[in-house]
$ cat query_29.cif   # mmCIF, C-alpha atoms
data_structure
loop_
_atom_site.group_PDB
_atom_site.id
_atom_site.type_symbol
_atom_site.label_atom_id
_atom_site.label_comp_id
_atom_site.auth_asym_id
_atom_site.auth_seq_id
_atom_site.Cartn_x
_atom_site.Cartn_y
_atom_site.Cartn_z
ATOM 1 C CA MET A 18 -13.177 5.102 -11.549
ATOM 2 C CA THR A 19 -13.679 3.434 -8.187
ATOM 3 C CA TYR A 20 -12.323 0.487 -6.259
ATOM 4 C CA LYS A 21 -14.488 -2.556 -6.941
ATOM 5 C CA THR A 22 -12.067 -5.202 -5.644
ATOM 6 C CA ILE A 23 -9.839 -4.682 -2.600
ATOM 7 C CA LEU A 24 -7.211 -7.244 -1.587
ATOM 8 C CA VAL A 25 -5.948 -7.366 2.003
ATOM 9 C CA HIS A 26 -3.110 -9.439 3.418
ATOM 10 C CA VAL A 27 -4.285 -11.761 6.208
ATOM 11 C CA ASP A 28 -1.724 -13.262 8.583
ATOM 12 C CA GLU A 29 -0.881 -13.779 12.266
ATOM 13 C CA SER A 30 0.853 -10.433 12.670
ATOM 14 C CA THR A 31 -0.100 -8.260 15.622
ATOM 15 C CA HIS A 32 -0.959 -5.621 13.005
ATOM 16 C CA ALA A 33 -3.349 -7.824 10.997
ATOM 17 C CA ALA A 34 -6.503 -6.914 12.919
ATOM 18 C CA ALA A 35 -6.048 -3.167 12.358
ATOM 19 C CA ARG A 36 -5.147 -3.731 8.707
ATOM 20 C CA ILE A 37 -8.257 -5.843 8.133
ATOM 21 C CA ARG A 38 -10.492 -3.332 9.922
ATOM 22 C CA LEU A 39 -9.235 -0.528 7.690
ATOM 23 C CA ALA A 40 -9.593 -2.622 4.523
ATOM 24 C CA SER A 41 -13.139 -3.481 5.608
ATOM 25 C CA GLU A 42 -13.981 0.188 6.151
ATOM 26 C CA LEU A 43 -12.685 0.971 2.676
ATOM 27 C CA ALA A 44 -14.661 -1.890 1.121
ATOM 28 C CA PHE A 45 -17.796 -0.590 2.834
ATOM 29 C CA THR A 46 -17.116 3.002 1.754
ATOM 30 C CA PHE A 47 -16.460 2.107 -1.881
ATOM 31 C CA ASP A 48 -19.014 -0.737 -2.004
ATOM 32 C CA ALA A 49 -16.188 -3.036 -3.054
ATOM 33 C CA HIS A 50 -15.657 -6.791 -3.014
ATOM 34 C CA LEU A 51 -13.161 -7.557 -0.237
ATOM 35 C CA ILE A 52 -10.693 -10.422 -0.619
ATOM 36 C CA GLY A 53 -8.688 -11.658 2.338
ATOM 37 C CA ALA A 54 -5.595 -13.567 1.250
ATOM 38 C CA ALA A 55 -3.810 -15.852 3.717
ATOM 39 C CA MET A 56 -0.703 -17.835 2.822
ATOM 40 C CA THR A 57 0.642 -21.031 4.330
ATOM 41 C CA GLY A 58 4.118 -20.606 2.849
ATOM 42 C CA ILE A 59 4.166 -24.313 2.076
ATOM 43 C CA SER A 60 6.063 -23.607 -1.138
ATOM 44 C CA ARG A 61 9.151 -23.074 1.030
ATOM 45 C CA PHE A 62 8.957 -26.692 2.193
ATOM 46 C CA ILE A 63 8.692 -28.343 -1.233
ATOM 47 C CA TYR A 64 11.827 -29.721 -2.857
ATOM 48 C CA PRO A 65 12.339 -29.620 -6.645
ATOM 49 C CA ASP A 66 11.432 -33.326 -6.901
ATOM 50 C CA GLY A 67 8.026 -32.594 -5.359
ATOM 51 C CA VAL A 68 8.716 -34.107 -1.935
ATOM 52 C CA VAL A 69 7.164 -32.126 0.894
ATOM 53 C CA PHE A 70 9.209 -31.685 4.062
ATOM 54 C CA ILE A 71 7.649 -32.221 7.512
ATOM 55 C CA ALA A 72 3.977 -33.001 6.905
ATOM 56 C CA SER A 73 2.987 -32.070 10.454
ATOM 57 C CA VAL A 74 4.346 -28.549 9.954
ATOM 58 C CA ILE A 75 2.342 -28.215 6.755
ATOM 59 C CA ASP A 76 -0.884 -29.179 8.558
ATOM 60 C CA THR A 77 -0.203 -26.616 11.271
ATOM 61 C CA LEU A 78 0.439 -23.855 8.735
ATOM 62 C CA ARG A 79 -2.850 -24.590 6.980
ATOM 63 C CA GLU A 80 -4.813 -24.641 10.221
ATOM 64 C CA ARG A 81 -3.370 -21.280 11.273
ATOM 65 C CA ALA A 82 -4.103 -19.684 7.906
ATOM 66 C CA GLN A 83 -7.680 -20.980 7.954
ATOM 67 C CA LEU A 84 -8.176 -19.563 11.452
ATOM 68 C CA ASP A 85 -6.814 -16.199 10.301
ATOM 69 C CA LEU A 86 -9.283 -16.186 7.402
ATOM 70 C CA LYS A 87 -12.183 -16.999 9.712
ATOM 71 C CA GLN A 88 -11.306 -13.983 11.855
ATOM 72 C CA PHE A 89 -10.981 -11.876 8.695
ATOM 73 C CA GLU A 90 -14.504 -12.825 7.593
ATOM 74 C CA GLU A 91 -15.946 -12.017 11.013
ATOM 75 C CA THR A 92 -14.319 -8.586 11.029
ATOM 76 C CA ALA A 93 -15.468 -7.778 7.491
ATOM 77 C CA ARG A 94 -19.064 -8.786 8.220
ATOM 78 C CA GLN A 95 -19.096 -6.770 11.456
ATOM 79 C CA ARG A 96 -17.966 -3.720 9.491
ATOM 80 C CA GLY A 97 -20.888 -4.086 7.103
ATOM 81 C CA VAL A 98 -19.067 -5.491 4.071
ATOM 82 C CA THR A 99 -21.546 -7.557 2.068
ATOM 83 C CA SER A 100 -19.208 -9.040 -0.546
ATOM 84 C CA VAL A 101 -16.422 -10.975 1.189
ATOM 85 C CA GLU A 102 -14.103 -13.703 -0.074
ATOM 86 C CA SER A 103 -11.378 -15.728 1.649
ATOM 87 C CA ARG A 104 -8.460 -17.182 -0.268
ATOM 88 C CA LEU A 105 -5.969 -19.698 1.087
ATOM 89 C CA THR A 106 -2.740 -19.961 -0.891
ATOM 90 C CA GLU A 107 0.151 -22.371 -0.434
ATOM 91 C CA ASP A 108 2.707 -19.816 -1.662
ATOM 92 C CA ASP A 109 4.605 -17.258 0.411
ATOM 93 C CA ALA A 110 3.083 -13.829 1.010
ATOM 94 C CA ALA A 111 5.123 -11.956 -1.591
ATOM 95 C CA GLY A 112 4.420 -14.261 -4.496
ATOM 96 C CA ALA A 113 0.765 -14.771 -3.652
ATOM 97 C CA LEU A 114 -0.054 -11.090 -3.150
ATOM 98 C CA VAL A 115 1.669 -10.053 -6.374
ATOM 99 C CA LEU A 116 -0.277 -12.670 -8.324
ATOM 100 C CA GLN A 117 -3.658 -11.875 -6.791
ATOM 101 C CA ALA A 118 -3.096 -8.117 -7.051
ATOM 102 C CA ARG A 119 -3.457 -8.412 -10.821
ATOM 103 C CA TYR A 120 -7.162 -8.981 -10.312
ATOM 104 C CA SER A 121 -7.684 -6.255 -7.711
ATOM 105 C CA ASP A 122 -7.973 -2.469 -7.755
ATOM 106 C CA LEU A 123 -6.209 -1.854 -4.451
ATOM 107 C CA VAL A 124 -3.872 -3.869 -2.219
ATOM 108 C CA VAL A 125 -3.770 -3.258 1.546
ATOM 109 C CA ILE A 126 -0.695 -4.395 3.476
ATOM 110 C CA SER A 127 1.340 -3.273 6.480
ATOM 111 C CA GLN A 128 4.709 -1.639 6.767
ATOM 112 C CA THR A 129 7.378 -4.161 7.730
ATOM 113 C CA ASP A 130 7.736 -4.338 11.504
ATOM 114 C CA PRO A 131 11.386 -5.195 12.234
ATOM 115 C CA THR A 132 10.346 -6.966 15.442
ATOM 116 C CA GLU A 133 8.151 -9.385 13.463
ATOM 117 C CA ARG A 134 10.382 -9.967 10.488
ATOM 118 C CA GLU A 135 10.917 -13.667 9.798
ATOM 119 C CA PRO A 136 14.458 -15.080 9.696
ATOM 120 C CA GLY A 137 15.680 -15.519 6.149
ATOM 121 C CA ASP A 138 13.574 -12.731 4.637
ATOM 122 C CA VAL A 139 15.648 -11.070 1.926
ATOM 123 C CA TYR A 140 13.194 -8.270 1.140
ATOM 124 C CA ASP A 141 10.459 -6.186 2.707
ATOM 125 C CA LEU A 142 6.960 -7.214 1.667
ATOM 126 C CA PRO A 143 5.687 -3.682 0.848
ATOM 127 C CA GLU A 144 8.546 -2.885 -1.520
ATOM 128 C CA TYR A 145 8.275 -6.267 -3.266
ATOM 129 C CA VAL A 146 4.535 -5.934 -3.847
ATOM 130 C CA LEU A 147 4.939 -2.305 -4.907
ATOM 131 C CA LEU A 148 7.572 -3.077 -7.524
ATOM 132 C CA ASN A 149 5.982 -6.239 -8.901
ATOM 133 C CA SER A 150 2.203 -5.904 -8.728
ATOM 134 C CA SER A 151 1.484 -2.895 -11.017
ATOM 135 C CA ARG A 152 -1.361 -1.993 -8.632
ATOM 136 C CA PRO A 153 -1.708 0.769 -6.034
ATOM 137 C CA VAL A 154 -0.492 -0.457 -2.646
ATOM 138 C CA LEU A 155 -1.933 1.096 0.492
ATOM 139 C CA THR A 156 0.689 0.565 3.197
ATOM 140 C CA ILE A 157 -0.278 0.958 6.845
ATOM 141 C CA PRO A 158 2.381 1.963 9.420
ATOM 142 C CA TYR A 159 3.072 -0.632 12.103
ATOM 143 C CA ALA A 160 3.057 2.115 14.735
ATOM 144 C CA GLY A 161 -0.052 4.178 15.374
ATOM 145 C CA LYS A 162 -3.808 3.839 15.037
ATOM 146 C CA PHE A 163 -5.560 4.596 11.739
ATOM 147 C CA ASP A 164 -9.301 4.025 11.879
ATOM 148 C CA ASN A 165 -10.184 6.581 9.212
ATOM 149 C CA VAL A 166 -8.055 7.349 6.180
ATOM 150 C CA GLY A 167 -8.519 9.783 3.328
ATOM 151 C CA SER A 168 -10.206 12.879 4.750
ATOM 152 C CA ASN A 169 -7.125 15.123 4.538
ATOM 153 C CA ILE A 170 -4.779 13.888 1.801
ATOM 154 C CA MET A 171 -1.323 15.046 0.806
ATOM 155 C CA VAL A 172 -0.102 14.268 -2.719
ATOM 156 C CA ALA A 173 3.608 14.319 -3.575
ATOM 157 C CA TRP A 174 3.937 15.767 -7.076
ATOM 158 C CA ASP A 175 7.143 15.924 -9.119
ATOM 159 C CA GLY A 176 5.730 15.526 -12.621
ATOM 160 C CA SER A 177 7.039 11.969 -12.981
ATOM 161 C CA MET A 178 5.308 8.992 -14.552
ATOM 162 C CA GLU A 179 5.113 7.267 -11.153
ATOM 163 C CA ALA A 180 3.555 10.303 -9.479
ATOM 164 C CA THR A 181 1.065 10.619 -12.342
ATOM 165 C CA ARG A 182 0.079 6.977 -11.966
ATOM 166 C CA ALA A 183 -0.268 7.406 -8.197
ATOM 167 C CA ILE A 184 -2.657 10.319 -8.597
ATOM 168 C CA THR A 185 -4.758 8.430 -11.130
ATOM 169 C CA ASN A 186 -4.898 5.344 -8.917
ATOM 170 C CA ALA A 187 -5.838 7.455 -5.901
ATOM 171 C CA LEU A 188 -8.776 9.245 -7.557
ATOM 172 C CA PRO A 189 -11.436 7.347 -5.572
ATOM 173 C CA PHE A 190 -9.801 8.603 -2.365
ATOM 174 C CA LEU A 191 -9.166 12.092 -3.709
ATOM 175 C CA LYS A 192 -12.754 12.626 -4.866
ATOM 176 C CA LYS A 193 -14.112 11.747 -1.421
ATOM 177 C CA ALA A 194 -11.538 13.767 0.548
ATOM 178 C CA ARG A 195 -12.467 16.874 2.478
ATOM 179 C CA ASN A 196 -9.117 18.446 1.585
ATOM 180 C CA VAL A 197 -6.293 17.591 -0.845
ATOM 181 C CA ASN A 198 -2.905 19.305 -0.785
ATOM 182 C CA VAL A 199 -0.657 18.763 -3.789
ATOM 183 C CA VAL A 200 2.874 19.536 -2.664
ATOM 184 C CA LEU A 201 5.875 20.437 -4.820
ATOM 185 C CA PHE A 202 9.267 20.740 -3.174
ATOM 186 C CA ASN A 203 11.727 23.230 -4.697
ATOM 187 C CA PRO A 204 9.733 23.383 -7.963
ATOM 188 C CA SER A 205 12.096 25.918 -9.555
ATOM 189 C CA ALA A 206 14.706 23.159 -9.749
ATOM 190 C CA LEU A 207 12.411 21.331 -12.186
ATOM 191 C CA PHE A 208 11.313 24.291 -14.311
ATOM 192 C CA ASP A 209 11.273 22.191 -17.487
ATOM 193 C CA ILE A 210 8.642 19.942 -15.869
ATOM 194 C CA HIS A 211 6.575 22.345 -13.771
ATOM 195 C CA GLY A 212 6.700 25.451 -15.982
ATOM 196 C CA GLN A 213 5.865 29.009 -14.930
ATOM 197 C CA GLN A 214 2.944 27.948 -12.716
ATOM 198 C CA PRO A 215 4.131 24.865 -10.837
ATOM 199 C CA GLY A 216 1.260 22.562 -9.931
ATOM 200 C CA ALA A 217 -1.350 24.438 -11.946
ATOM 201 C CA ASP A 218 -1.823 21.733 -14.574
ATOM 202 C CA ILE A 219 -2.228 18.853 -12.138
ATOM 203 C CA ALA A 220 -4.537 20.967 -9.965
ATOM 204 C CA LEU A 221 -6.751 21.696 -12.963
ATOM 205 C CA TYR A 222 -6.760 18.007 -13.894
ATOM 206 C CA LEU A 223 -7.919 17.083 -10.388
ATOM 207 C CA ALA A 224 -10.472 19.890 -10.251
ATOM 208 C CA ARG A 225 -12.117 18.492 -13.389
ATOM 209 C CA HIS A 226 -12.602 15.276 -11.428
ATOM 210 C CA GLY A 227 -14.316 17.185 -8.651
ATOM 211 C CA VAL A 228 -11.356 17.143 -6.273
ATOM 212 C CA LYS A 229 -11.030 19.995 -3.771
ATOM 213 C CA VAL A 230 -7.350 20.748 -4.253
ATOM 214 C CA ASN A 231 -4.731 23.182 -2.973
ATOM 215 C CA VAL A 232 -1.203 23.547 -4.351
ATOM 216 C CA LEU A 233 1.680 23.954 -1.904
ATOM 217 C CA GLN A 234 5.078 25.057 -3.215
ATOM 218 C CA GLU A 235 7.543 24.235 -0.471
ATOM 219 C CA PRO A 236 11.223 25.205 -0.344
ATOM 220 C CA THR A 237 13.257 22.771 1.719
ATOM 221 C CA ASP A 238 16.831 21.886 2.553
ATOM 222 C CA LEU A 239 15.758 18.457 3.825
ATOM 223 C CA ASP A 240 15.747 15.359 1.682
ATOM 224 C CA VAL A 241 12.308 15.024 0.101
ATOM 225 C CA GLY A 242 11.332 11.932 2.087
ATOM 226 C CA ASN A 243 11.768 13.610 5.450
ATOM 227 C CA ALA A 244 10.290 16.849 4.110
ATOM 228 C CA LEU A 245 7.141 14.913 3.159
ATOM 229 C CA LEU A 246 6.833 13.355 6.596
ATOM 230 C CA SER A 247 7.343 16.726 8.283
ATOM 231 C CA LEU A 248 4.775 18.504 6.123
ATOM 232 C CA ALA A 249 2.280 15.665 6.550
ATOM 233 C CA ALA A 250 2.499 16.165 10.304
ATOM 234 C CA ASP A 251 2.185 19.955 9.998
ATOM 235 C CA THR A 252 -0.923 19.747 7.795
ATOM 236 C CA GLY A 253 -2.582 16.921 9.738
ATOM 237 C CA ALA A 254 -2.656 14.660 6.686
ATOM 238 C CA ASP A 255 -4.154 11.198 7.197
ATOM 239 C CA LEU A 256 -3.023 9.773 3.839
ATOM 240 C CA LEU A 257 -0.002 10.348 1.628
ATOM 241 C CA VAL A 258 -0.194 9.617 -2.100
ATOM 242 C CA MET A 259 3.093 9.216 -3.958
ATOM 243 C CA GLY A 260 4.907 7.365 -6.698
ATOM 244 C CA GLY A 261 7.206 4.482 -5.843
ATOM 245 C CA TYR A 262 10.453 4.380 -7.768
ATOM 246 C CA GLY A 263 12.607 1.410 -8.732
ATOM 247 C CA HIS A 264 15.610 1.281 -11.049
ATOM 248 C CA THR A 265 18.078 -1.577 -10.764
ATOM 249 C CA ARG A 266 18.225 -5.180 -9.578
ATOM 250 C CA PHE A 267 20.344 -4.430 -6.530
ATOM 251 C CA ARG A 268 18.231 -4.039 -3.406
ATOM 252 C CA GLU A 269 20.399 -1.251 -2.023
ATOM 253 C CA VAL A 270 19.446 0.954 -4.965
ATOM 254 C CA LEU A 271 16.210 -0.781 -5.946
ATOM 255 C CA LEU A 272 14.017 2.006 -4.616
ATOM 256 C CA GLY A 273 14.566 5.714 -4.896
ATOM 257 C CA GLY A 274 15.749 7.480 -1.747
ATOM 258 C CA VAL A 275 12.362 9.108 -1.135
ATOM 259 C CA THR A 276 10.493 5.803 -1.356
ATOM 260 C CA LYS A 277 12.945 4.045 0.953
ATOM 261 C CA THR A 278 12.694 6.842 3.514
ATOM 262 C CA ILE A 279 8.903 6.706 3.542
ATOM 263 C CA LEU A 280 8.774 2.898 3.700
ATOM 264 C CA ASN A 281 11.163 2.920 6.649
ATOM 265 C CA SER A 282 9.768 5.893 8.564
ATOM 266 C CA MET A 283 6.112 6.379 7.568
ATOM 267 C CA THR A 284 3.860 7.916 10.192
ATOM 268 C CA ILE A 285 0.577 7.820 8.214
ATOM 269 C CA PRO A 286 -0.819 5.377 5.613
ATOM 270 C CA VAL A 287 0.748 5.780 2.188
ATOM 271 C CA LEU A 288 -0.762 4.932 -1.187
ATOM 272 C CA PHE A 289 2.132 3.978 -3.469
ATOM 273 C CA SER A 290 2.044 3.382 -7.215
ATOM 274 C CA HIS A 291 4.963 2.226 -9.353
#
$ encode --input "query_29.cif" --output "structure tokens"
Amino acid sequence: MTYKTILVHVDESTHAAARIRLASELAFTFDAHLIGAAMTGISRFIYPDGVVFIASVIDTLRERAQLDLKQFEETARQRGVTSVESRLTEDDAAGALVLQARYSDLVVISQTDPTEREPGDVYDLPEYVLLNSSRPVLTIPYAGKFDNVGSNIMVAWDGSMEATRAITNALPFLKKARNVNVVLFNPSALFDIHGQQPGADIALYLARHGVKVNVLQEPTDLDVGNALLSLAADTGADLLVMGGYGHTRFREVLLGGVTKTILNSMTIPVLFSH
């Protein structure tokens, strides 16, 4: 397995340039086709009867999105990506990314920056794409600089379906990594899942794929989200791989506590899978 198609969100955010550079580096590394998706958001200005509101605004939105895509293409070419595609969509970012993710192996977006959040947004883009795309979502923190990702990886393992899917989806990263730490917090509390040798089975699975893996059994009194962030800092991890959990329709309890903590407070890029 490898990533043959990578989708990156292109917009006017102050974080877009760094996001596109990283996506380009990944496309070059994995010899993948890189798609830059920019959205005009025109769908928000169309009434049910088909009448479009404020034509001049629509023209401006299209011009801005096309300029963003031009800059995306220049960055990708400068980074050595040979297979590049620009897509302009009239939908909003959430709907367009979820739709296009179905035809991609990896989606690259940024953590929501509260200072850039648009008025009227009722959700965070990363959590929406995570819960609705069925693809791995690489989320880049809005604070910090991340030119290289995936040399020293930390994997959050709790034996769940989501964590299993995350590990499978991250295999291209894991196989190239210099070091992979699979971490289990308080594994004795989940004896029925982890057994007498917590982490041994998943470590053997990864080893068969050629992954250089270590198992860390960590006792903690912290909530798991903050324990992950603390351990990532202690081990110098440059990528966190974890499952993303969702349960009910209410946003307040839509994501598990660990996922919400990481989405709100991430300090390194995180590869989520739901």
$ resolve_selection --input "query_29.cif" --expression "the PyMOL selection byres ((chain A and resi 92-97) around 12)" --output "ChimeraX atom specification"
/A:23,25,27,33-53,85-91,98-103,164
$ residues_around --input "query_29.cif" --residues "A:Met18" --least-positions-apart "2" --cutoff "9 Å" --atoms "only C-alpha atoms" --output "ChimeraX atom specification"
/A:20,186,188-189
$ closest_residue --input "query_29.cif" --among "A:Asp255, A:Asp122, A:Glu179, A:Glu80" --to "A:Val166" --atoms "all atoms listed in the file"
A:Asp255
$ residues_around --input "query_29.cif" --residues "A:Leu246" --least-positions-apart "2" --cutoff "12 Å" --atoms "all atoms listed in the file" --output "number ranges by chain"
A: 171-173, 200, 239-244, 248-259, 275-276, 278-287
$ write_last_selection --input "query_29.cif" --atoms "C-alpha atoms" --output "compact mmCIF listing (two decimals), keeping the file's coordinate frame"
# COMPACT_ATOMS: atom_id res chain seq x y z
CA MET A 171 -1.32 15.05 0.81
CA VAL A 172 -0.10 14.27 -2.72
CA ALA A 173 3.61 14.32 -3.58
CA VAL A 200 2.87 19.54 -2.66
CA LEU A 239 15.76 18.46 3.82
CA ASP A 240 15.75 15.36 1.68
CA VAL A 241 12.31 15.02 0.10
CA GLY A 242 11.33 11.93 2.09
CA ASN A 243 11.77 13.61 5.45
CA ALA A 244 10.29 16.85 4.11
CA LEU A 248 4.78 18.50 6.12
CA ALA A 249 2.28 15.66 6.55
CA ALA A 250 2.50 16.16 10.30
CA ASP A 251 2.18 19.95 10.00
CA THR A 252 -0.92 19.75 7.80
CA GLY A 253 -2.58 16.92 9.74
CA ALA A 254 -2.66 14.66 6.69
CA ASP A 255 -4.15 11.20 7.20
CA LEU A 256 -3.02 9.77 3.84
CA LEU A 257 0.00 10.35 1.63
CA VAL A 258 -0.19 9.62 -2.10
CA MET A 259 3.09 9.22 -3.96
CA VAL A 275 12.36 9.11 -1.14
CA THR A 276 10.49 5.80 -1.36
CA THR A 278 12.69 6.84 3.51
CA ILE A 279 8.90 6.71 3.54
CA LEU A 280 8.77 2.90 3.70
CA ASN A 281 11.16 2.92 6.65
CA SER A 282 9.77 5.89 8.56
CA MET A 283 6.11 6.38 7.57
CA THR A 284 3.86 7.92 10.19
CA ILE A 285 0.58 7.82 8.21
CA PRO A 286 -0.82 5.38 5.61
CA VAL A 287 0.75 5.78 2.19
$ resolve_selection --input "query_29.cif" --expression "the PyMOL selection byres ((chain A and resi 152) around 12)" --output "number ranges by chain"
A: 20, 22-24, 114-125, 143, 145-151, 153-155, 179, 182-183, 185-187, 260-261, 288-291
$ residues_near_point --input "query_29.cif" --point "(2.9, 22.2, 1.8)" --cutoff "8 Å" --atoms "all atoms listed in the file" --output "VMD selection string"
chain A and resid 198 to 201 232 to 235 248 252
$ closest_residue --input "query_29.cif" --among "A:Arg81, A:His26, A:Lys192, A:Lys162" --to "A:Ala110" --atoms "only C-alpha atoms"
A:His26
$ atom_distance --input "query_29.cif" --atom1 "atom CA of A:Asp108" --atom2 "atom CA of A:Glu133"
19.2 Å
$ atom_distance --input "query_29.cif" --atom1 "atom CA of A:Leu223" --atom2 "atom CA of A:Tyr262"
22.5 Å
$ closest_residue --input "query_29.cif" --among "A:Lys193, A:Arg79, A:Arg134, A:His226" --to "A:Ser30" --atoms "all atoms listed in the file"
A:Arg134
$ closest_residue --input "query_29.cif" --among "A:Ile59, A:Leu191, A:Ile210, A:Leu245" --to "A:Ala224" --atoms "all atoms listed in the file"
A:Leu191
$ axis_aligned_box --input "query_29.cif" --around "stretch 41-59 of chain A" --padding-each-side "3 Å" --output "AutoDock Vina command-line options"
--center_x -7.4 --center_y -10.7 --center_z 1.5 --size_x 29.2 --size_y 33.3 --size_z 15.2
$ closest_residue --input "query_29.cif" --among "A:Lys21, A:Lys229, A:Arg104, A:His32" --to "A:Asn196" --atoms "all atoms listed in the file"
A:Lys229
$ closest_residue --input "query_29.cif" --among "A:Glu144, A:Gln83, A:Gln128, A:Gln214" --to "A:Ala160" --atoms "all atoms listed in the file"
A:Gln128
$ atom_distance --input "query_29.cif" --atom1 "atom CA of A:Thr106" --atom2 "atom CA of A:Thr57"
6.3 Å
